[in-house]
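Containing compact mmCIF, C-alpha atoms: start_30.txt.
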```txt
# COMPACT_ATOMS: atom_id res chain seq x y z
CA MET Z 1 7.90 33.93 -5.92
CA THR Z 2 6.12 31.30 -8.03
CA PRO Z 3 4.82 28.44 -5.84
CA LEU Z 4 6.47 25.05 -6.26
CA ILE Z 5 4.17 22.05 -6.20
CA ILE Z 6 5.55 18.54 -5.70
CA VAL Z 7 3.37 15.68 -6.92
CA VAL Z 8 4.40 12.23 -5.70
CA GLY Z 9 3.30 9.64 -8.25
CA GLY Z 10 3.46 9.98 -12.02
CA SER Z 11 0.48 7.94 -13.19
CA LEU Z 12 -2.90 9.36 -14.23
CA ALA Z 13 -3.85 10.96 -10.90
CA GLY Z 14 -0.44 12.59 -10.53
CA LEU Z 15 -0.54 13.96 -14.07
CA ILE Z 16 -4.07 15.29 -13.61
CA HIS Z 17 -3.05 17.33 -10.58
CA GLY Z 18 0.32 18.27 -12.03
CA LEU Z 19 -1.30 19.60 -15.20
CA GLN Z 20 -3.85 21.56 -13.21
CA HIS Z 21 -1.12 23.40 -11.31
CA LYS Z 22 0.95 23.98 -14.44
CA ARG Z 23 -2.07 25.69 -16.04
CA ARG Z 24 -2.53 27.73 -12.84
CA GLY Z 25 0.95 29.17 -13.37
CA ASN Z 26 2.67 27.17 -10.65
CA ASN Z 27 5.96 25.35 -11.12
CA VAL Z 28 5.39 21.60 -10.78
CA THR Z 29 7.71 18.65 -10.29
CA ILE Z 30 6.37 15.10 -10.45
CA LEU Z 31 8.42 12.48 -8.62
CA GLU Z 32 7.77 9.02 -10.03
CA GLN Z 33 9.28 5.96 -8.35
CA GLU Z 34 9.32 3.79 -11.49
CA SER Z 35 12.37 4.29 -13.72
CA GLY Z 36 12.02 5.26 -17.37
CA GLU Z 37 8.69 5.78 -19.09
CA ARG Z 38 5.60 4.24 -17.53
CA HIS Z 39 4.57 1.05 -19.32
CA SER Z 40 1.06 0.45 -20.57
CA HIS Z 41 -1.24 -1.28 -18.08
CA TYR Z 42 -3.12 -2.95 -20.93
CA ALA Z 43 -6.29 -1.79 -19.23
CA GLY Z 44 -9.41 0.21 -19.93
CA ILE Z 45 -10.36 3.43 -18.17
CA GLY Z 46 -13.90 4.65 -17.56
CA PHE Z 47 -14.71 8.21 -16.64
CA GLY Z 48 -17.66 10.57 -16.28
CA ASP Z 49 -18.41 14.26 -16.02
CA SER Z 50 -15.51 15.22 -13.72
CA ALA Z 51 -12.81 13.85 -16.04
CA LYS Z 52 -14.63 15.28 -19.05
CA GLU Z 53 -14.67 18.72 -17.40
CA PHE Z 54 -10.99 18.44 -16.50
CA LEU Z 55 -9.96 17.61 -20.07
CA ARG Z 56 -12.16 20.39 -21.45
CA LYS Z 57 -10.33 22.94 -19.27
CA TYR Z 58 -6.74 21.73 -19.59
CA ASP Z 59 -6.22 19.45 -22.62
CA LEU Z 60 -4.76 21.33 -25.62
CA THR Z 61 -3.93 18.34 -27.84
CA GLY Z 62 -7.22 18.44 -29.74
CA LEU Z 63 -7.38 14.64 -29.63
CA THR Z 64 -10.59 12.74 -28.96
CA PRO Z 65 -9.80 11.19 -25.57
CA ALA Z 66 -12.46 8.49 -25.30
CA PHE Z 67 -15.14 6.36 -26.88
CA THR Z 68 -18.65 6.99 -25.50
CA SER Z 69 -20.97 4.08 -24.79
CA HIS Z 70 -24.67 4.91 -24.48
CA SER Z 71 -26.09 1.49 -23.64
CA ARG Z 72 -25.57 -1.66 -21.59
CA ARG Z 73 -26.20 -5.24 -22.67
CA TRP Z 74 -26.85 -7.85 -19.97
CA ALA Z 75 -26.21 -11.60 -20.27
CA TYR Z 76 -27.09 -14.24 -17.68
CA ARG Z 77 -25.26 -17.57 -17.73
CA THR Z 78 -25.60 -18.96 -21.30
CA ARG Z 79 -28.29 -16.44 -22.36
CA PRO Z 80 -26.63 -13.49 -24.16
CA ASN Z 81 -29.61 -11.12 -24.46
CA VAL Z 82 -31.44 -10.93 -21.14
CA LEU Z 83 -31.72 -7.14 -20.99
CA ASN Z 84 -30.67 -3.94 -22.76
CA SER Z 85 -30.54 -0.66 -20.84
CA LYS Z 86 -29.41 2.92 -21.37
CA GLY Z 87 -26.52 4.69 -19.66
CA SER Z 88 -23.55 6.71 -20.89
CA ILE Z 89 -19.91 6.32 -19.92
CA HIS Z 90 -16.67 7.51 -21.55
CA LEU Z 91 -14.18 4.70 -22.18
CA THR Z 92 -10.53 4.85 -23.15
CA SER Z 93 -7.23 3.05 -22.62
CA TRP Z 94 -4.78 3.78 -19.82
CA GLY Z 95 -1.92 4.16 -22.30
CA PHE Z 96 -3.73 6.61 -24.58
CA LEU Z 97 -4.90 8.85 -21.73
CA MET Z 98 -1.39 8.73 -20.28
CA SER Z 99 0.00 9.99 -23.62
CA ILE Z 100 -2.51 12.86 -23.71
CA LEU Z 101 -1.65 13.96 -20.18
CA ARG Z 102 2.12 13.72 -20.71
CA ALA Z 103 1.85 15.72 -23.94
CA ASN Z 104 0.08 18.49 -22.04
CA PHE Z 105 2.19 18.33 -18.88
CA ASP Z 106 5.80 18.17 -20.06
CA GLY Z 107 5.54 18.00 -23.85
CA LEU Z 108 6.39 14.31 -24.20
CA ALA Z 109 5.91 13.20 -27.80
CA SER Z 110 4.44 9.77 -28.53
CA VAL Z 111 2.86 7.83 -31.38
CA ALA Z 112 -0.53 8.89 -30.00
CA CYS Z 113 0.51 12.55 -29.86
CA PRO Z 114 3.59 13.13 -32.05
CA LYS Z 115 3.28 16.93 -31.83
CA PRO Z 116 2.55 17.96 -28.23
CA PRO Z 117 0.92 21.38 -27.81
CA PRO Z 118 3.23 24.29 -26.88
CA PRO Z 119 2.90 25.75 -23.36
CA ALA Z 120 -0.13 28.01 -22.91
CA GLU Z 121 0.26 31.61 -21.84
CA GLY Z 122 0.71 31.76 -18.08
CA ASP Z 123 1.79 28.14 -17.70
CA GLY Z 124 4.27 27.23 -14.99
CA ILE Z 125 7.37 25.10 -15.49
CA ALA Z 126 6.71 21.35 -15.47
CA ASN Z 127 9.24 18.58 -14.74
CA TYR Z 128 8.62 14.83 -14.72
CA LEU Z 129 11.37 12.99 -12.84
CA SER Z 130 11.35 9.20 -12.91
CA GLY Z 131 13.31 6.85 -10.67
CA LYS Z 132 12.74 9.07 -7.60
CA ARG Z 133 11.55 7.28 -4.45
CA VAL Z 134 10.24 9.54 -1.69
CA THR Z 135 11.54 8.55 1.76
CA ALA Z 136 10.50 11.31 4.18
CA LEU Z 137 8.67 14.61 4.65
CA SER Z 138 9.74 17.36 7.05
CA TYR Z 139 7.99 20.62 7.79
CA THR Z 140 8.68 24.29 8.46
CA GLU Z 141 6.09 26.95 9.22
CA GLU Z 142 5.55 27.65 5.53
CA ASN Z 143 6.97 24.76 3.51
CA VAL Z 144 7.35 21.01 3.21
CA LYS Z 145 10.72 19.44 2.52
CA VAL Z 146 10.52 16.29 0.41
CA HIS Z 147 13.35 13.77 0.83
CA TYR Z 148 13.90 11.18 -1.88
CA VAL Z 149 16.51 8.85 -3.37
CA ASP Z 150 17.31 8.23 -7.01
CA THR Z 151 18.14 4.92 -8.70
CA THR Z 152 21.80 5.18 -7.60
CA GLY Z 153 20.80 5.57 -3.94
CA LYS Z 154 21.75 9.25 -3.82
CA ASP Z 155 19.73 11.25 -1.27
CA GLU Z 156 18.15 14.46 -2.48
CA THR Z 157 15.71 17.04 -1.10
CA ILE Z 158 13.37 19.62 -2.57
CA VAL Z 159 11.32 22.28 -0.77
CA ALA Z 160 7.67 22.63 -1.79
CA ASP Z 161 4.77 24.93 -1.01
CA LEU Z 162 2.34 22.03 -1.50
CA VAL Z 163 2.83 18.26 -1.68
CA ILE Z 164 0.21 16.17 -3.45
CA GLY Z 165 0.26 12.44 -2.73
CA ALA Z 166 -0.95 10.71 -5.89
CA ASP Z 167 1.01 7.51 -5.44
CA GLY Z 168 -1.74 4.91 -5.43
CA ILE Z 169 -3.07 2.20 -3.15
CA ASN Z 170 0.30 1.60 -1.43
CA SER Z 171 0.90 5.33 -1.01
CA THR Z 172 4.19 6.36 0.61
CA VAL Z 173 2.83 9.85 1.30
CA ARG Z 174 -0.17 8.40 3.13
CA ARG Z 175 2.17 6.39 5.33
CA LEU Z 176 4.48 9.35 5.98
CA VAL Z 177 1.64 11.59 7.22
CA ASN Z 178 0.21 8.73 9.33
CA ALA Z 179 -3.14 9.03 7.60
CA PRO Z 180 -5.91 6.99 9.24
CA VAL Z 181 -6.67 4.26 6.73
CA PHE Z 182 -8.80 1.11 6.67
CA LYS Z 183 -7.32 -1.62 4.44
CA GLN Z 184 -8.74 -5.05 3.66
CA TYR Z 185 -8.95 -7.68 0.95
CA SER Z 186 -12.38 -7.60 -0.71
CA GLY Z 187 -12.80 -11.37 -1.07
CA TYR Z 188 -12.34 -11.61 -4.85
CA VAL Z 189 -9.84 -11.15 -7.66
CA ALA Z 190 -10.09 -9.57 -11.09
CA TRP Z 191 -8.82 -11.34 -14.18
CA ARG Z 192 -8.25 -8.81 -16.99
CA GLY Z 193 -7.46 -9.00 -20.65
CA ILE Z 194 -7.52 -7.17 -23.98
CA VAL Z 195 -8.56 -8.72 -27.30
CA PRO Z 196 -8.20 -7.01 -30.70
CA GLU Z 197 -11.65 -6.49 -32.17
CA LYS Z 198 -10.54 -7.90 -35.53
CA SER Z 199 -9.53 -11.25 -33.95
CA LEU Z 200 -13.15 -12.03 -33.02
CA SER Z 201 -15.86 -13.51 -35.20
CA LYS Z 202 -18.17 -11.00 -36.88
CA GLU Z 203 -21.10 -12.06 -34.66
CA THR Z 204 -19.14 -11.69 -31.40
CA ALA Z 205 -17.57 -8.37 -32.44
CA GLU Z 206 -21.02 -6.96 -33.27
CA TYR Z 207 -22.46 -8.22 -29.98
CA LEU Z 208 -19.69 -6.70 -27.84
CA SER Z 209 -19.04 -3.48 -29.74
CA ASP Z 210 -20.30 0.04 -29.01
CA HIS Z 211 -21.76 -0.60 -25.57
CA LEU Z 212 -20.92 -1.92 -22.13
CA SER Z 213 -21.59 -5.67 -22.00
CA LEU Z 214 -22.14 -7.50 -18.70
CA GLN Z 215 -22.13 -11.26 -18.12
CA PHE Z 216 -23.47 -12.75 -14.88
CA SER Z 217 -22.98 -16.35 -13.85
CA LYS Z 218 -22.84 -18.28 -10.59
CA SER Z 219 -20.78 -16.32 -8.01
CA SER Z 220 -18.94 -14.26 -10.62
CA TYR Z 221 -19.49 -11.68 -13.29
CA MET Z 222 -17.68 -10.10 -16.24
CA LEU Z 223 -17.85 -6.87 -18.17
CA CYS Z 224 -16.46 -5.88 -21.54
CA TYR Z 225 -16.20 -2.66 -23.55
CA ASN Z 226 -14.43 -1.05 -26.50
CA ILE Z 227 -11.33 1.05 -25.96
CA PRO Z 228 -8.94 2.71 -28.42
CA THR Z 229 -5.43 1.38 -28.85
CA ASP Z 230 -2.67 3.03 -26.83
CA THR Z 231 -1.79 4.92 -30.02
CA GLY Z 232 -5.30 6.37 -30.21
CA ASN Z 233 -6.88 4.29 -32.97
CA PHE Z 234 -10.69 4.38 -32.66
CA GLU Z 235 -11.48 2.75 -36.01
CA PRO Z 236 -13.96 -0.17 -35.91
CA GLY Z 237 -12.00 -3.37 -36.42
CA GLU Z 238 -8.81 -1.76 -35.13
CA ARG Z 239 -10.11 -1.04 -31.64
CA LEU Z 240 -9.60 -3.26 -28.62
CA LEU Z 241 -12.07 -5.03 -26.36
CA ASN Z 242 -11.17 -4.73 -22.70
CA TRP Z 243 -12.70 -7.30 -20.34
CA VAL Z 244 -12.66 -7.87 -16.57
CA TRP Z 245 -13.80 -11.02 -14.76
CA TYR Z 246 -14.47 -10.88 -11.00
CA THR Z 247 -14.42 -14.18 -9.16
CA ASN Z 248 -14.38 -15.07 -5.46
CA VAL Z 249 -11.16 -16.44 -3.97
CA ARG Z 250 -10.49 -16.85 -0.24
CA ASP Z 251 -7.45 -14.97 1.03
CA GLU Z 252 -4.46 -17.11 2.02
CA SER Z 253 -6.11 -20.16 0.42
CA PRO Z 254 -4.27 -22.72 -1.77
CA GLN Z 255 -6.18 -21.31 -4.75
CA MET Z 256 -4.90 -17.81 -3.99
CA LYS Z 257 -1.33 -19.05 -3.74
CA LYS Z 258 -1.70 -20.92 -7.03
CA ILE Z 259 -3.08 -17.88 -8.88
CA PHE Z 260 -0.47 -15.43 -7.60
CA THR Z 261 2.59 -17.64 -8.14
CA ASP Z 262 3.87 -16.64 -11.57
CA SER Z 263 5.61 -18.61 -14.32
CA THR Z 264 9.04 -17.99 -12.72
CA GLY Z 265 7.88 -19.30 -9.33
CA TYR Z 266 7.67 -15.85 -7.71
CA GLN Z 267 4.62 -15.22 -5.52
CA HIS Z 268 3.11 -11.76 -6.06
CA ARG Z 269 1.38 -9.78 -3.33
CA SER Z 270 -1.20 -7.95 -5.47
CA THR Z 271 -0.86 -8.42 -9.24
CA VAL Z 272 0.57 -11.01 -11.59
CA PRO Z 273 1.48 -8.94 -14.68
CA ARG Z 274 0.48 -9.76 -18.22
CA GLY Z 275 2.74 -12.48 -19.60
CA LEU Z 276 3.61 -13.97 -16.19
CA VAL Z 277 0.35 -15.79 -15.38
CA ARG Z 278 1.04 -19.51 -15.59
CA PRO Z 279 -0.73 -20.91 -18.70
CA GLU Z 280 -1.99 -23.99 -16.83
CA VAL Z 281 -3.54 -21.81 -14.10
CA TRP Z 282 -5.31 -19.60 -16.63
CA GLU Z 283 -6.52 -22.65 -18.55
CA GLU Z 284 -7.90 -24.22 -15.36
CA TYR Z 285 -9.93 -21.18 -14.34
CA ARG Z 286 -11.03 -20.37 -17.88
CA SER Z 287 -12.19 -23.94 -18.56
CA ASP Z 288 -14.19 -23.96 -15.35
CA ILE Z 289 -16.29 -20.89 -16.30
CA LEU Z 290 -16.74 -21.51 -20.07
CA PRO Z 291 -19.76 -23.88 -19.79
CA ASP Z 292 -21.63 -21.31 -17.67
CA ILE Z 293 -21.33 -18.19 -19.88
CA SER Z 294 -22.79 -16.98 -23.16
CA GLY Z 295 -21.13 -17.50 -26.53
CA PRO Z 296 -19.65 -13.99 -27.02
CA PHE Z 297 -17.92 -14.01 -23.63
CA LYS Z 298 -16.80 -17.58 -24.18
CA GLU Z 299 -15.03 -16.57 -27.40
CA LEU Z 300 -13.56 -13.52 -25.67
CA LEU Z 301 -11.86 -15.66 -23.01
CA GLU Z 302 -10.78 -18.31 -25.50
CA LYS Z 303 -8.95 -15.65 -27.53
CA THR Z 304 -7.12 -14.20 -24.52
CA PRO Z 305 -3.80 -16.08 -24.14
CA ASN Z 306 -2.14 -13.60 -21.76
CA PRO Z 307 -4.41 -12.09 -19.09
CA PHE Z 308 -3.24 -10.54 -15.85
CA VAL Z 309 -4.83 -10.90 -12.43
CA THR Z 310 -5.19 -8.54 -9.46
CA LYS Z 311 -6.40 -8.87 -5.88
CA ILE Z 312 -9.15 -6.32 -5.24
CA ARG Z 313 -8.39 -4.45 -2.04
CA ASP Z 314 -9.97 -1.56 -0.17
CA ALA Z 315 -7.87 1.32 1.19
CA ILE Z 316 -10.16 3.95 2.68
CA CYS Z 317 -8.94 7.15 4.38
CA THR Z 318 -11.08 9.32 6.62
CA THR Z 319 -9.27 12.56 5.75
CA ALA Z 320 -7.34 13.83 2.73
CA SER Z 321 -5.69 17.00 4.05
CA PHE Z 322 -2.76 17.23 6.47
CA HIS Z 323 -0.45 19.79 8.06
CA GLY Z 324 -2.68 22.76 7.42
CA GLY Z 325 -3.46 21.74 3.86
CA ARG Z 326 0.20 21.62 2.79
CA VAL Z 327 -0.02 17.85 2.13
CA VAL Z 328 -3.03 16.45 0.26
CA LEU Z 329 -3.90 12.88 -0.73
CA VAL Z 330 -5.70 12.41 -4.05
CA GLY Z 331 -6.97 9.55 -6.20
CA ASP Z 332 -6.19 6.02 -5.03
CA ALA Z 333 -3.78 7.35 -2.39
CA PHE Z 334 -6.82 8.81 -0.62
CA THR Z 335 -9.35 6.06 -1.28
CA THR Z 336 -8.83 3.08 -3.54
CA LEU Z 337 -12.15 2.43 -5.25
CA ARG Z 338 -13.07 -1.03 -6.45
CA PRO Z 339 -13.03 -0.98 -10.25
CA HIS Z 340 -16.66 -2.00 -10.94
CA THR Z 341 -17.78 1.52 -11.87
CA GLY Z 342 -14.47 2.52 -13.48
CA THR Z 343 -14.21 5.62 -11.33
CA ALA Z 344 -10.54 5.76 -10.24
CA THR Z 345 -9.71 8.38 -12.88
CA GLU Z 346 -13.05 10.08 -12.28
CA GLN Z 347 -12.21 10.40 -8.57
CA ALA Z 348 -8.80 11.94 -9.34
CA ALA Z 349 -10.45 14.47 -11.67
CA PHE Z 350 -13.16 15.21 -9.08
CA HIS Z 351 -10.43 15.97 -6.54
CA SER Z 352 -8.70 18.27 -9.02
CA ASN Z 353 -11.86 20.14 -10.00
CA THR Z 354 -13.10 20.63 -6.43
CA LEU Z 355 -9.68 21.66 -5.08
CA GLU Z 356 -9.99 24.78 -7.25
CA ALA Z 357 -12.27 26.26 -4.57
CA VAL Z 358 -9.55 25.67 -1.95
CA TYR Z 359 -6.87 27.26 -4.12
CA ARG Z 360 -9.09 30.31 -4.65
CA GLY Z 361 -9.69 30.61 -0.90
CA GLU Z 362 -13.43 29.83 -1.17
CA LYS Z 363 -13.25 26.65 0.87
CA THR Z 364 -10.95 25.27 3.56
CA SER Z 365 -8.88 22.15 2.98
CA GLU Z 366 -10.84 20.45 5.77
CA GLU Z 367 -14.17 21.22 4.04
CA TRP Z 368 -12.78 19.87 0.78
CA SER Z 369 -11.57 16.74 2.56
CA ARG Z 370 -15.10 16.05 3.82
CA ASP Z 371 -16.50 16.50 0.30
CA ALA Z 372 -13.89 14.09 -1.06
CA ARG Z 373 -14.83 11.56 1.60
CA ARG Z 374 -18.55 11.75 0.74
CA PHE Z 375 -17.79 11.33 -2.98
CA ALA Z 376 -15.75 8.21 -2.21
CA GLU Z 377 -18.38 6.78 0.16
CA ASN Z 378 -21.06 7.07 -2.51
CA ILE Z 379 -18.96 5.09 -4.99
CA ILE Z 380 -17.96 2.55 -2.33
CA TYR Z 381 -21.62 1.73 -1.57
CA ILE Z 382 -22.52 1.49 -5.28
CA ASN Z 383 -19.56 -0.83 -5.91
CA ARG Z 384 -20.67 -3.11 -3.08
CA ILE Z 385 -24.13 -3.40 -4.62
CA ILE Z 386 -22.63 -4.28 -8.00
CA ILE Z 387 -20.34 -7.00 -6.66
CA GLU Z 388 -23.14 -8.52 -4.53
CA LEU Z 389 -25.35 -8.57 -7.63
CA GLY Z 390 -22.70 -10.58 -9.47
CA ASN Z 391 -20.86 -12.56 -6.79
CA GLY Z 392 -23.03 -12.50 -3.66
CA THR Z 393 -26.25 -13.94 -2.27
CA LYS Z 394 -29.74 -12.42 -2.22
CA PHE Z 395 -29.28 -11.55 1.44
CA SER Z 396 -25.90 -9.85 0.89
CA LEU Z 397 -27.38 -7.87 -2.02
CA ILE Z 398 -30.35 -6.68 0.07
CA LYS Z 399 -27.94 -5.76 2.86
CA ALA Z 400 -25.75 -3.72 0.46
CA VAL Z 401 -28.78 -1.86 -0.93
CA PHE Z 402 -30.06 -1.17 2.60
CA PHE Z 403 -26.77 0.38 3.73
CA TYR Z 404 -26.60 2.49 0.56
CA PHE Z 405 -30.04 3.95 1.28
CA LEU Z 406 -28.95 4.65 4.87
CA PHE Z 407 -25.95 6.53 3.49
CA LEU Z 408 -28.18 8.57 1.15
CA ILE Z 409 -30.53 9.47 4.01
CA ARG Z 410 -27.62 10.52 6.25
CA SER Z 411 -26.15 12.62 3.44
CA LYS Z 412 -29.49 14.35 2.83
CA LEU Z 413 -29.94 15.11 6.55
CA ARG Z 414 -26.39 16.47 6.69
CA ARG Z 415 -27.07 18.83 3.77
CA SER Z 416 -30.40 19.92 5.28
CA SER Z 417 -28.75 20.82 8.60
CA LYS Z 418 -26.42 23.22 6.79
CA LEU Z 419 -29.26 25.17 5.15
```
How does the structure come out when it is put into structure tokens?
Amino acid sequence: MTPLIIVVGGSLAGLIHGLQHKRRGNNVTILEQESGERHSHYAGIGFGDSAKEFLRKYDLTGLTPAFTSHSRRWAYRTRPNVLNSKGSIHLTSWGFLMSILRANFDGLASVACPKPPPPAEGDGIANYLSGKRVTALSYTEENVKVHYVDTTGKDETIVADLVIGADGINSTVRRLVNAPVFKQYSGYVAWRGIVPEKSLSKETAEYLSDHLSLQFSKSSYMLCYNIPTDTGNFEPGERLLNWVWYTNVRDESPQMKKIFTDSTGYQHRSTVPRGLVRPEVWEEYRSDILPDISGPFKELLEKTPNPFVTKIRDAICTTASFHGGRVVLVGDAFTTLRPHTGTATEQAAFHSNTLEAVYRGEKTSEEWSRDARRFAENIIYINRIIIELGNGTKFSLIKAVFFYFLFLIRSKLRRSSKL
């Protein structure tokens, strides 16, 4: 009998793992809590070799998935050209990558991919069910029973050979398996926005285009990069510029309450969506930083009327595999990585690629879980260095670098002991 895989969560991580199993010949059902089609996050996505390898193996659309930046431009306070350095990263938009994955997974047509590829030989059956909220998991010797409710409140169940929890930072699957998790607020928030390239002056567009731009100022930093539109337009002048601004805000402070109370008076726990940030709050924070940043970034913020803002939180698990490997946590459900290195999608693809060895019987789920943990730890330490470079003190930066080197030494000794 063909194995049935249930993926909980229908965003990028869920689609990555769902598509992998479809191509392996398994039948896959994705259960997505949000009703209807997922809306664009108006956000950029960065990825590296793992996501590139995943798309090479499983993407049949023939579309170019990302823009590749080969350099970084560094600005400090009002000086726009402090340093130029090399370094490659693939950059795209959440909406465009979502369209590519849906076209491959269940044949959903979109403006970005109006003619989805037909199923490949040997593909399993793929279903994407929205408006399905998972409520419980129960177990037999061989299977996992997934309990969920639909938008009408009707209770339903489905029996799976494998359940993959890909449902993000507030993962229901993680809670249901009682996964050990460390959660905390990082001490800062991220303002985010997108500006059409053609709305900027020629000088600013040329400065910000075709590389990753970083702006450091007192106790905060920003980054900006090109992404395609959600419809997949990569043409210069038609592309978008995605920016993120990290700034320190104390938890439970009056400032935090002000930022996360939206234009209707509702106080959000994690994110105030685009269009709901109060204009006077955005103007206050934007006006405060403008005198301390370079001209290109100043224009970027001035031409962003509708940003959104998110609390940056850590959610770090110590293990990703449960109940004999029949339930697995992937992507942000396993470890939520701070967005400085743009590696959330990269982590999900890394999990997918490395799980192949488990599915082929070459590695145990426990061994894979340890590998996933080490991958996450490496990114966690790098992210801490980056944020201390932008928002911390000299002492906190030295401390972050010191602990990263300790981690590298421990990892090397661990590998040596296995030889």
Determine, for each residue of segment 143-203 of chain Z having at least one atom at most 12 Å from an atom of segment 256-279 of chain Z, the closest pair of atoms and their separation in Å to one decimal, counting all atoms listed in the file; order by chain and ascending number, as JSON lines.
```
{"residue": "Z:Ile169", "atom": "CA", "partner": "Z:Ser270", "partner_atom": "CA", "distance": 10.6}
{"residue": "Z:Asn170", "atom": "CA", "partner": "Z:Ser270", "partner_atom": "CA", "distance": 10.5}
{"residue": "Z:Tyr185", "atom": "CA", "partner": "Z:Ser270", "partner_atom": "CA", "distance": 10.1}
{"residue": "Z:Gly187", "atom": "CA", "partner": "Z:Met256", "partner_atom": "CA", "distance": 10.6}
{"residue": "Z:Tyr188", "atom": "CA", "partner": "Z:Met256", "partner_atom": "CA", "distance": 9.7}
{"residue": "Z:Val189", "atom": "CA", "partner": "Z:Met256", "partner_atom": "CA", "distance": 9.1}
{"residue": "Z:Ala190", "atom": "CA", "partner": "Z:Thr271", "partner_atom": "CA", "distance": 9.5}
{"residue": "Z:Trp191", "atom": "CA", "partner": "Z:Val272", "partner_atom": "CA", "distance": 9.7}
{"residue": "Z:Arg192", "atom": "CA", "partner": "Z:Arg274", "partner_atom": "CA", "distance": 8.9}
{"residue": "Z:Gly193", "atom": "CA", "partner": "Z:Arg274", "partner_atom": "CA", "distance": 8.3}
{"residue": "Z:Ile194", "atom": "CA", "partner": "Z:Arg274", "partner_atom": "CA", "distance": 10.2}
```
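Minimum atom-to-atom distance to Arg24 of chain Z, evaluated using all atoms listed in the file, belongs to Z:Tyr58 out of Z:Phe47, Z:Phe216, Z:Tyr58, Z:Tyr76.
Atom CA of Thr336 of chain Z lies 20.8 Å from atom CA of Asn242 of chain Z.
Distances from Z:Ser171, Z:Gln184, Z:Thr310, Z:Asn378 to Val328 of chain Z were compared using only C-alpha atoms, and the smallest one belongs to Z:Ser171.
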Checklist entry - Which polymer residues have any atom within 12 Å of an atom of segment 197-208 of chain Z, counting only C-alpha atoms, with same-chain residues fewer than 2 positions away left out, as an MDAnalysis selection string? => result chainID Z and resid 69 71:75 80:81 84 194:195 210:215 223:229 233:243 294:304
Item to check | Contacts of Ala51 of chain Z within 10 Å, only C-alpha atoms, excl. fewer than 3 positions in-chain, as a ChimeraX atom specification | outcome: /Z:16,46-48,54-57,90,343,345-350,352-353
Next on the checklist: When you look at Ala103 of chain Z with a cut-off of 10 Å (counting only C-alpha atoms), what residues show up, excluding the ones that are within fewer than 6 positions of it in the same chain? I need them as number ranges by chain.
Outcome noted: Z: 59-61, 97, 109-110, 112-118
Checklist entry - Using all atoms listed in the file, which residues sit within 8 Å of Ile45 of chain Z once same-chain residues fewer than 6 positions away are excluded, as a PyMOL selection string? => result chain Z and resi 91-94+342+345
Checklist entry - Which neighbours of segment 32-36 of chain Z fall inside 6 Å, counting only C-alpha atoms, when residues of the same chain fewer than 4 positions from it are skipped, and could you give them as a list of chain:residue names? => result Z:Gly9, Z:Gly10, Z:Ser130, Z:Gly131, Z:Lys132, Z:Arg133
Next on the checklist: Would you compute the distance between atom CA of Trp368 of chain Z and atom CA of Thr354 of chain Z? Give it in Å to one decimal.
Outcome noted: 7.3 Å
